[in-house]
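File shown: coords27.pdb (PDB, C-alpha atoms).
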```pdb
ATOM      1  CA  SER Y   3       2.842   3.142 -13.595
ATOM      2  CA  LYS Y   4       3.729   3.162  -9.919
ATOM      3  CA  MET Y   5       1.044   2.032  -7.472
ATOM      4  CA  ARG Y   6       0.742   2.741  -3.775
ATOM      5  CA  ILE Y   7      -0.038  -0.536  -2.031
ATOM      6  CA  LEU Y   8      -0.971  -0.863   1.627
ATOM      7  CA  LEU Y   9      -0.369  -4.311   3.104
ATOM      8  CA  VAL Y  10      -2.527  -5.201   6.107
ATOM      9  CA  LEU Y  11      -1.597  -7.904   8.593
ATOM     10  CA  PRO Y  12      -4.677  -8.796  10.691
ATOM     11  CA  PRO Y  13      -4.314  -9.120  14.470
ATOM     12  CA  ASN Y  14      -4.810 -12.891  14.485
ATOM     13  CA  ILE Y  15      -1.783 -14.142  12.548
ATOM     14  CA  GLY Y  16       0.320 -16.551  14.602
ATOM     15  CA  ARG Y  17      -0.273 -18.346  17.848
ATOM     16  CA  TYR Y  18      -0.702 -15.260  20.007
ATOM     17  CA  VAL Y  19      -2.384 -11.965  19.242
ATOM     18  CA  VAL Y  20       0.871 -10.117  19.750
ATOM     19  CA  ALA Y  21       3.663  -9.199  17.381
ATOM     20  CA  THR Y  22       6.348 -11.722  18.300
ATOM     21  CA  ILE Y  23       8.400 -11.455  15.082
ATOM     22  CA  PRO Y  24       7.872  -9.859  11.655
ATOM     23  CA  HIS Y  25       5.865 -11.830   9.075
ATOM     24  CA  ALA Y  26       8.024 -13.392   6.337
ATOM     25  CA  GLY Y  27       5.272 -13.646   3.700
ATOM     26  CA  VAL Y  28       4.358  -9.963   3.959
ATOM     27  CA  ALA Y  29       8.051  -8.960   3.972
ATOM     28  CA  TYR Y  30       8.731 -10.964   0.776
ATOM     29  CA  LEU Y  31       5.693  -9.429  -0.910
ATOM     30  CA  ALA Y  32       6.830  -5.911   0.062
ATOM     31  CA  ALA Y  33      10.326  -6.585  -1.337
ATOM     32  CA  ILE Y  34       8.985  -7.911  -4.644
ATOM     33  CA  LEU Y  35       6.495  -5.043  -5.080
ATOM     34  CA  GLU Y  36       9.203  -2.448  -4.350
ATOM     35  CA  LYS Y  37      11.604  -4.153  -6.754
ATOM     36  CA  GLY Y  38       8.782  -3.874  -9.327
ATOM     37  CA  GLY Y  39       8.712  -0.100  -8.785
ATOM     38  CA  HIS Y  40       5.696   0.211  -6.452
ATOM     39  CA  GLU Y  41       5.414   2.010  -3.122
ATOM     40  CA  VAL Y  42       4.504  -0.160  -0.142
ATOM     41  CA  GLY Y  43       3.052   0.694   3.283
ATOM     42  CA  LEU Y  44       2.109  -1.610   6.164
ATOM     43  CA  GLN Y  45      -0.546  -1.657   8.847
ATOM     44  CA  ASP Y  46       0.441  -4.334  11.379
ATOM     45  CA  MET Y  47      -2.803  -4.876  13.297
ATOM     46  CA  ARG Y  48      -1.004  -7.100  15.801
ATOM     47  CA  LEU Y  49       0.413  -3.803  17.114
ATOM     48  CA  TYR Y  50      -2.563  -1.582  16.257
ATOM     49  CA  PRO Y  51      -5.710  -3.753  16.489
ATOM     50  CA  ASN Y  52      -8.086  -0.755  16.430
ATOM     51  CA  ASP Y  53     -10.280  -0.223  13.369
ATOM     52  CA  LYS Y  54      -9.815   3.509  13.922
ATOM     53  CA  ASP Y  55      -6.044   3.188  13.464
ATOM     54  CA  LEU Y  56      -6.582   1.122  10.316
ATOM     55  CA  PHE Y  57      -8.978   3.641   8.717
ATOM     56  CA  GLU Y  58      -6.638   6.483   9.688
ATOM     57  CA  LYS Y  59      -3.712   4.725   8.003
ATOM     58  CA  ILE Y  60      -5.764   4.080   4.830
ATOM     59  CA  LYS Y  61      -6.765   7.767   4.634
ATOM     60  CA  GLN Y  62      -3.235   8.939   5.291
ATOM     61  CA  PHE Y  63      -1.428   6.493   2.950
ATOM     62  CA  ASN Y  64      -4.144   6.771   0.282
ATOM     63  CA  PRO Y  65      -3.365   3.443  -1.442
ATOM     64  CA  ASP Y  66      -4.365   2.410  -4.982
ATOM     65  CA  MET Y  67      -4.710  -1.162  -3.725
ATOM     66  CA  ILE Y  68      -4.838  -2.978  -0.388
ATOM     67  CA  GLY Y  69      -3.325  -6.418   0.155
ATOM     68  CA  MET Y  70      -4.358  -8.426   3.177
ATOM     69  CA  SER Y  71      -2.782 -11.582   4.546
ATOM     70  CA  THR Y  72      -4.984 -14.276   6.073
ATOM     71  CA  ALA Y  73      -4.466 -17.483   7.998
ATOM     72  CA  SER Y  74      -6.993 -20.226   8.758
ATOM     73  CA  PHE Y  75      -6.597 -19.387  12.442
ATOM     74  CA  GLY Y  76      -9.044 -16.548  13.094
ATOM     75  CA  TYR Y  77     -10.129 -16.169   9.459
ATOM     76  CA  LYS Y  78     -13.542 -14.823  10.550
ATOM     77  CA  LYS Y  79     -11.824 -11.819  12.121
ATOM     78  CA  SER Y  80     -10.060 -11.226   8.777
ATOM     79  CA  TYR Y  81     -13.437 -11.411   7.007
ATOM     80  CA  GLU Y  82     -14.794  -8.696   9.320
ATOM     81  CA  ILE Y  83     -11.818  -6.440   8.605
ATOM     82  CA  ILE Y  84     -12.142  -6.953   4.831
ATOM     83  CA  ASN Y  85     -15.833  -5.996   4.890
ATOM     84  CA  LYS Y  86     -15.246  -2.983   7.145
ATOM     85  CA  ILE Y  87     -12.614  -1.677   4.717
ATOM     86  CA  LYS Y  88     -14.823  -2.310   1.675
ATOM     87  CA  ASN Y  89     -17.838  -0.633   3.340
ATOM     88  CA  ARG Y  90     -15.842   2.563   3.871
ATOM     89  CA  PHE Y  91     -13.433   2.773   0.945
ATOM     90  CA  SER Y  92     -13.746   2.030  -2.753
ATOM     91  CA  ILE Y  93     -10.184   0.702  -2.982
ATOM     92  CA  PRO Y  94      -9.531  -2.664  -4.687
ATOM     93  CA  LEU Y  95      -8.642  -5.275  -2.064
ATOM     94  CA  ALA Y  96      -6.691  -8.471  -2.684
ATOM     95  CA  VAL Y  97      -6.468 -11.279  -0.131
ATOM     96  CA  GLY Y  98      -3.474 -13.611   0.135
ATOM     97  CA  GLY Y  99      -1.805 -15.827   2.734
ATOM     98  CA  SER Y 100      -2.110 -19.516   3.530
ATOM     99  CA  TYR Y 101      -5.889 -19.432   4.006
ATOM    100  CA  THR Y 102      -6.560 -18.488   0.370
ATOM    101  CA  SER Y 103      -4.806 -21.684  -0.728
ATOM    102  CA  VAL Y 104      -7.237 -23.696   1.391
ATOM    103  CA  ALA Y 105     -10.486 -21.767   0.834
ATOM    104  CA  PHE Y 106      -9.962 -20.482  -2.747
ATOM    105  CA  SER Y 107     -13.120 -18.894  -4.253
ATOM    106  CA  LYS Y 108     -15.005 -19.207  -0.975
ATOM    107  CA  ILE Y 109     -13.277 -16.037   0.264
ATOM    108  CA  LEU Y 110     -14.849 -13.976  -2.523
ATOM    109  CA  GLU Y 111     -18.216 -15.647  -1.930
ATOM    110  CA  ASP Y 112     -18.108 -14.840   1.801
ATOM    111  CA  THR Y 113     -16.615 -11.323   1.733
ATOM    112  CA  LYS Y 114     -16.503  -8.145  -0.355
ATOM    113  CA  ALA Y 115     -12.844  -8.692  -1.333
ATOM    114  CA  ASP Y 116     -12.135  -8.046  -5.025
ATOM    115  CA  TYR Y 117      -9.358 -10.583  -5.549
ATOM    116  CA  ALA Y 118      -7.778 -13.600  -3.893
ATOM    117  CA  VAL Y 119      -4.284 -14.782  -4.699
ATOM    118  CA  TYR Y 120      -3.478 -18.450  -4.059
ATOM    119  CA  GLY Y 121      -0.307 -20.548  -4.018
ATOM    120  CA  GLU Y 122       3.044 -18.789  -4.041
ATOM    121  CA  GLY Y 123       1.407 -15.435  -4.496
ATOM    122  CA  GLU Y 124       4.137 -12.825  -4.997
ATOM    123  CA  GLN Y 125       4.229 -12.885  -8.795
ATOM    124  CA  SER Y 126       0.410 -12.897  -9.058
ATOM    125  CA  PHE Y 127       0.234  -9.855  -6.780
ATOM    126  CA  LEU Y 128       2.931  -8.078  -8.790
ATOM    127  CA  ASP Y 129       1.037  -8.812 -12.045
ATOM    128  CA  LEU Y 130      -2.073  -7.337 -10.417
ATOM    129  CA  ALA Y 131      -0.150  -4.211  -9.360
ATOM    130  CA  ASN Y 132       1.270  -3.967 -12.890
ATOM    131  CA  LYS Y 133      -2.343  -3.882 -14.182
ATOM    132  CA  MET Y 134      -2.024  -6.997 -16.305
ATOM    133  CA  ALA Y 135      -5.284  -8.282 -17.833
ATOM    134  CA  LEU Y 136      -7.049 -10.185 -15.031
ATOM    135  CA  LYS Y 137      -7.747 -13.239 -17.189
ATOM    136  CA  ASP Y 138      -3.992 -13.600 -17.814
ATOM    137  CA  ILE Y 139      -2.823 -13.486 -14.182
ATOM    138  CA  LYS Y 140      -1.998 -16.977 -12.979
ATOM    139  CA  GLY Y 141      -2.840 -17.762  -9.340
ATOM    140  CA  LEU Y 142      -5.649 -15.158  -9.277
ATOM    141  CA  ILE Y 143      -9.304 -15.535  -8.269
ATOM    142  CA  TRP Y 144     -11.449 -12.586  -9.394
ATOM    143  CA  ARG Y 145     -14.973 -11.328 -10.011
ATOM    144  CA  ASN Y 146     -15.800 -11.646 -13.692
ATOM    145  CA  ASN Y 147     -19.159  -9.885 -14.305
ATOM    146  CA  GLY Y 148     -20.780 -11.453 -11.272
ATOM    147  CA  GLU Y 149     -19.086 -14.835 -11.760
ATOM    148  CA  ILE Y 150     -16.137 -15.809  -9.576
ATOM    149  CA  THR Y 151     -13.327 -17.002 -11.840
ATOM    150  CA  LYS Y 152     -10.312 -19.014 -10.667
ATOM    151  CA  ASN Y 153      -7.353 -18.764 -13.034
ATOM    152  CA  LEU Y 154      -4.728 -21.480 -13.478
ATOM    153  CA  PRO Y 155      -2.028 -21.656 -10.802
ATOM    154  CA  TYR Y 156       1.409 -20.102 -11.176
ATOM    155  CA  PRO Y 157       4.151 -22.672 -11.795
ATOM    156  CA  MET Y 158       6.354 -22.984  -8.696
ATOM    157  CA  ARG Y 159       9.422 -20.748  -8.720
ATOM    158  CA  GLU Y 160      12.441 -22.988  -9.364
ATOM    159  CA  ASN Y 161      15.257 -20.616  -8.469
ATOM    160  CA  LEU Y 162      14.636 -19.088  -5.024
ATOM    161  CA  ASP Y 163      17.888 -17.093  -5.256
ATOM    162  CA  GLU Y 164      16.098 -14.785  -7.723
ATOM    163  CA  LEU Y 165      13.915 -13.492  -4.875
ATOM    164  CA  PRO Y 166      14.992 -10.246  -3.206
ATOM    165  CA  TYR Y 167      15.627 -10.510   0.537
ATOM    166  CA  PRO Y 168      12.384  -9.999   2.484
ATOM    167  CA  LYS Y 169      11.925  -6.373   3.538
ATOM    168  CA  TYR Y 170      11.614  -6.709   7.312
ATOM    169  CA  GLU Y 171      12.333  -2.964   7.547
ATOM    170  CA  ILE Y 172       8.655  -2.216   6.891
ATOM    171  CA  PHE Y 173       7.843  -3.647  10.344
ATOM    172  CA  GLU Y 174       8.367  -1.707  13.563
ATOM    173  CA  LEU Y 175      11.112  -4.080  14.614
ATOM    174  CA  ASP Y 176      11.726  -2.324  17.934
ATOM    175  CA  LYS Y 177       8.142  -3.152  18.938
ATOM    176  CA  MET Y 178       8.419  -6.903  18.239
ATOM    177  CA  LEU Y 179       8.490  -9.065  21.365
ATOM    178  CA  GLU Y 180      11.384 -11.193  20.165
ATOM    179  CA  LYS Y 181      14.492  -9.644  18.684
ATOM    180  CA  ARG Y 182      14.819 -12.023  15.774
ATOM    181  CA  ILE Y 183      13.679 -12.366  12.174
ATOM    182  CA  PRO Y 184      12.561 -15.497  10.345
ATOM    183  CA  ILE Y 185      14.940 -16.676   7.623
ATOM    184  CA  VAL Y 186      13.176 -18.865   5.086
ATOM    185  CA  SER Y 187      15.750 -21.099   3.411
ATOM    186  CA  SER Y 188      13.387 -23.340   1.430
ATOM    187  CA  ARG Y 189       9.882 -23.679   0.009
ATOM    188  CA  GLY Y 190       7.680 -26.689  -0.583
ATOM    189  CA  CYS Y 191       7.889 -30.107   0.986
ATOM    190  CA  PRO Y 192       8.375 -33.665  -0.261
ATOM    191  CA  GLY Y 193       5.791 -34.923   2.282
ATOM    192  CA  ARG Y 194       2.026 -34.985   1.929
ATOM    193  CA  CYS Y 195       0.826 -34.721   5.534
ATOM    194  CA  THR Y 196      -2.964 -34.344   5.578
ATOM    195  CA  PHE Y 197      -2.961 -31.794   8.416
ATOM    196  CA  CYS Y 198      -0.450 -29.365   6.861
ATOM    197  CA  SER Y 199      -1.097 -26.469   4.464
ATOM    198  CA  ILE Y 200       2.496 -26.183   3.127
ATOM    199  CA  GLN Y 201       1.535 -28.588   0.354
ATOM    200  CA  LEU Y 202      -1.305 -26.286  -0.710
ATOM    201  CA  VAL Y 203       0.632 -23.040  -0.478
ATOM    202  CA  PHE Y 204       4.148 -23.945  -1.646
ATOM    203  CA  GLY Y 205       3.393 -27.322  -3.238
ATOM    204  CA  ARG Y 206       6.023 -29.674  -4.564
ATOM    205  CA  PRO Y 207       8.852 -30.060  -5.251
ATOM    206  CA  PHE Y 208      10.988 -29.096  -2.259
ATOM    207  CA  ARG Y 209      13.183 -26.142  -3.333
ATOM    208  CA  THR Y 210      16.062 -24.518  -1.462
ATOM    209  CA  ARG Y 211      17.985 -21.271  -1.599
ATOM    210  CA  SER Y 212      21.750 -21.604  -2.080
ATOM    211  CA  PRO Y 213      23.912 -21.505   1.084
ATOM    212  CA  GLU Y 214      25.574 -18.286  -0.204
ATOM    213  CA  ASN Y 215      22.185 -16.597  -0.625
ATOM    214  CA  VAL Y 216      21.061 -17.533   2.899
ATOM    215  CA  VAL Y 217      24.382 -16.476   4.477
ATOM    216  CA  GLY Y 218      24.120 -13.173   2.579
ATOM    217  CA  GLU Y 219      20.799 -12.489   4.292
ATOM    218  CA  ILE Y 220      22.179 -13.433   7.719
ATOM    219  CA  LYS Y 221      25.141 -11.086   7.154
ATOM    220  CA  LYS Y 222      22.845  -8.247   6.126
ATOM    221  CA  TRP Y 223      20.967  -8.439   9.423
ATOM    222  CA  HIS Y 224      23.930  -9.284  11.633
TER     223      HIS Y 224
END
```
Target encoding structure tokens, full file:
Amino acid sequence: SKMRILLVLPPNIGRYVVATIPHAGVAYLAAILEKGGHEVGLQDMRLYPNDKDLFEKIKQFNPDMIGMSTASFGYKKSYEIINKIKNRFSIPLAVGGSYTSVAFSKILEDTKADYAVYGEGEQSFLDLANKMALKDIKGLIWRNNGEITKNLPYPMRENLDELPYPKYEIFELDKMLEKRIPIVSSRGCPGRCTFCSIQLVFGRPFRTRSPENVVGEIKKWH
């Protein structure tokens, strides 16, 4: 059954609190959810930082589920937004983004979020939207009768060419400061730098898209 999913990008993602370019992670998630037959909306709080705008969008879009991206930078602001949404609406809320792969269960301990998705989260989020049994969704952290349960991780996706192109169309591209889009040609990293979260989010091994697949995406936008 089709779900309406509103993705929320908090105002503090990236180095500056402005919308420089669209967010690749959110665009990939939107593409995968749409390919799975769901309807996706976006509230980019880098453009509309007001709570009022956010609540208005939630009322108007009337989602069955809300997905929110987080980063370690400014995570407290994200926590505030999560709790404000949960205090006003009884809509299930799932948190994803790089911060969940660093903080794990702590997010559910510290906020009213219903779910957290860690690692390469697209498939976990799609399973959640497809109403799979929570205990069977890999990469999911959930509330299990008062206990916070962390399921096993999803195995890393081997073939990145299977992914649909990220749906940058859901962003208001004309309002971005820079007229460019990020093209992500690989995931994972062979290194293990202690200061970097790539290892936690995309893990090992290093995986690449084929040259043809990347050029196809460049052509689409050019």
_Under the rule that only C-alpha atoms are counted, which of Y:Ile143, Y:Leu35, Y:Ile172, Y:Ala26 is the nearest residue to Gln125 (chain Y)?_
Y:Leu35
*Using only C-alpha atoms, find the one residue out of Y:Lys78, Y:Lys137, Y:Lys86, Y:Lys152 that sits nearest to Asn52 (chain Y).*
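Between Y:Lys78, Y:Lys137, Y:Lys86, Y:Lys152, the residue approaching Asn52 (chain Y) most closely is Y:Lys86.
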*Expanded to explicit residues, what is the PyMOL selection byres ((chain Y and resi 88) around 12) for this file, as a list in words?*
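What the PyMOL selection byres ((chain Y and resi 88) around 12) grabs from the file is Phe57, Ile60, Met67, Ile68, Tyr81, Glu82, Ile83, Ile84, Asn85, Lys86, Ile87, Asn89, Arg90, Phe91, Ser92, Ile93, Pro94, Leu95, Ala96, Thr113, Lys114, Ala115 and Asp116 of chain Y.
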_Please compute the CA of Ser199 (chain Y)-CA of Ala73 (chain Y) distance, one decimal, in Å._
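Computed distance, CA of Ser199 (chain Y) to CA of Ala73 (chain Y), equals 10.2 Å.
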*CA of Leu162 (chain Y) and CA of Cys195 (chain Y) are how many Å apart?*
23.4 Å
*asked:* I'd like to see the residues matched by the PyMOL selection byres ((chain Y and resi 133) around 12) on this file, and ideally I'd get them as a ChimeraX atom specification.
replied: /Y:3-5,40,66-67,94,126-132,134-139
*State, in Å with one decimal place, the distance from CA of Ser71 (chain Y) to CA of Leu49 (chain Y).*
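It comes out at 15.1 Å.
Across Y:Ser107, Y:Asn147, Y:Ser80, Y:Gln201, the tightest approach to Gly121 (chain Y) is made by Y:Gln201 when counting only C-alpha atoms.
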Save region 31-42 of chain Y to a file: all heavy atoms, as a tab-separated table (two decimals), in the first residue's frame.
```tsv
chain	number	residue	atom	x	y	z
Y	31	LEU	N	17.23	8.79	-1.16
Y	31	LEU	CA	16.12	8.19	-0.41
Y	31	LEU	C	14.79	8.44	-1.13
Y	31	LEU	O	13.97	7.53	-1.29
Y	31	LEU	CB	16.09	8.74	1.01
Y	31	LEU	CG	15.02	8.16	1.95
Y	31	LEU	CD1	15.13	6.65	2.04
Y	31	LEU	CD2	15.14	8.79	3.34
Y	32	ALA	N	14.60	9.67	-1.60
Y	32	ALA	CA	13.36	10.02	-2.32
Y	32	ALA	C	13.21	9.15	-3.57
Y	32	ALA	O	12.14	8.63	-3.85
Y	32	ALA	CB	13.38	11.50	-2.71
Y	33	ALA	N	14.31	8.96	-4.31
Y	33	ALA	CA	14.27	8.16	-5.54
Y	33	ALA	C	13.89	6.72	-5.24
Y	33	ALA	O	13.09	6.10	-5.95
Y	33	ALA	CB	15.62	8.23	-6.25
Y	34	ILE	N	14.48	6.16	-4.19
Y	34	ILE	CA	14.23	4.76	-3.84
Y	34	ILE	C	12.81	4.55	-3.33
Y	34	ILE	O	12.14	3.58	-3.67
Y	34	ILE	CB	15.31	4.28	-2.85
Y	34	ILE	CG1	16.58	3.98	-3.65
Y	34	ILE	CG2	14.88	3.05	-2.06
Y	34	ILE	CD1	17.85	3.95	-2.89
Y	35	LEU	N	12.31	5.51	-2.53
Y	35	LEU	CA	10.93	5.40	-2.03
Y	35	LEU	C	9.93	5.51	-3.19
Y	35	LEU	O	8.95	4.78	-3.24
Y	35	LEU	CB	10.67	6.49	-0.99
Y	35	LEU	CG	11.38	6.30	0.37
Y	35	LEU	CD1	11.25	7.58	1.21
Y	35	LEU	CD2	10.83	5.11	1.14
Y	36	GLU	N	10.19	6.43	-4.12
Y	36	GLU	CA	9.28	6.59	-5.26
Y	36	GLU	C	9.30	5.36	-6.15
Y	36	GLU	O	8.27	4.91	-6.63
Y	36	GLU	CB	9.62	7.85	-6.06
Y	36	GLU	CG	9.17	9.11	-5.34
Y	36	GLU	CD	9.12	10.35	-6.23
Y	36	GLU	OE1	9.59	10.26	-7.39
Y	36	GLU	OE2	8.61	11.39	-5.76
Y	37	LYS	N	10.50	4.81	-6.35
Y	37	LYS	CA	10.62	3.59	-7.16
Y	37	LYS	C	9.83	2.44	-6.49
Y	37	LYS	O	9.27	1.58	-7.14
Y	37	LYS	CB	12.10	3.21	-7.29
Y	37	LYS	CG	12.37	2.14	-8.31
Y	37	LYS	CD	13.86	1.82	-8.39
Y	37	LYS	CE	14.10	0.57	-9.23
Y	37	LYS	NZ	15.49	0.09	-9.08
Y	38	GLY	N	9.77	2.48	-5.14
Y	38	GLY	CA	9.02	1.48	-4.39
Y	38	GLY	C	7.52	1.77	-4.34
Y	38	GLY	O	6.78	1.07	-3.65
Y	39	GLY	N	7.08	2.82	-5.04
Y	39	GLY	CA	5.65	3.09	-5.16
Y	39	GLY	C	5.08	4.06	-4.13
Y	39	GLY	O	3.87	4.20	-4.01
Y	40	HIS	N	5.94	4.76	-3.39
Y	40	HIS	CA	5.46	5.69	-2.36
Y	40	HIS	C	5.52	7.14	-2.86
Y	40	HIS	O	6.23	7.44	-3.81
Y	40	HIS	CB	6.29	5.53	-1.08
Y	40	HIS	CG	6.27	4.12	-0.56
Y	40	HIS	ND1	5.16	3.57	0.03
Y	40	HIS	CD2	7.20	3.13	-0.60
Y	40	HIS	CE1	5.42	2.30	0.36
Y	40	HIS	NE2	6.64	2.01	-0.02
Y	41	GLU	N	4.75	7.99	-2.19
Y	41	GLU	CA	4.74	9.41	-2.58
Y	41	GLU	C	5.61	10.19	-1.61
Y	41	GLU	O	5.49	10.03	-0.39
Y	41	GLU	CB	3.30	9.91	-2.52
Y	41	GLU	CG	3.11	11.22	-3.24
Y	41	GLU	CD	1.64	11.66	-3.23
Y	41	GLU	OE1	0.75	10.79	-3.24
Y	41	GLU	OE2	1.42	12.87	-3.20
Y	42	VAL	N	6.48	11.03	-2.14
Y	42	VAL	CA	7.48	11.71	-1.30
Y	42	VAL	C	7.34	13.22	-1.39
Y	42	VAL	O	7.20	13.78	-2.48
Y	42	VAL	CB	8.91	11.30	-1.72
Y	42	VAL	CG1	9.96	11.97	-0.83
Y	42	VAL	CG2	9.08	9.78	-1.65
```
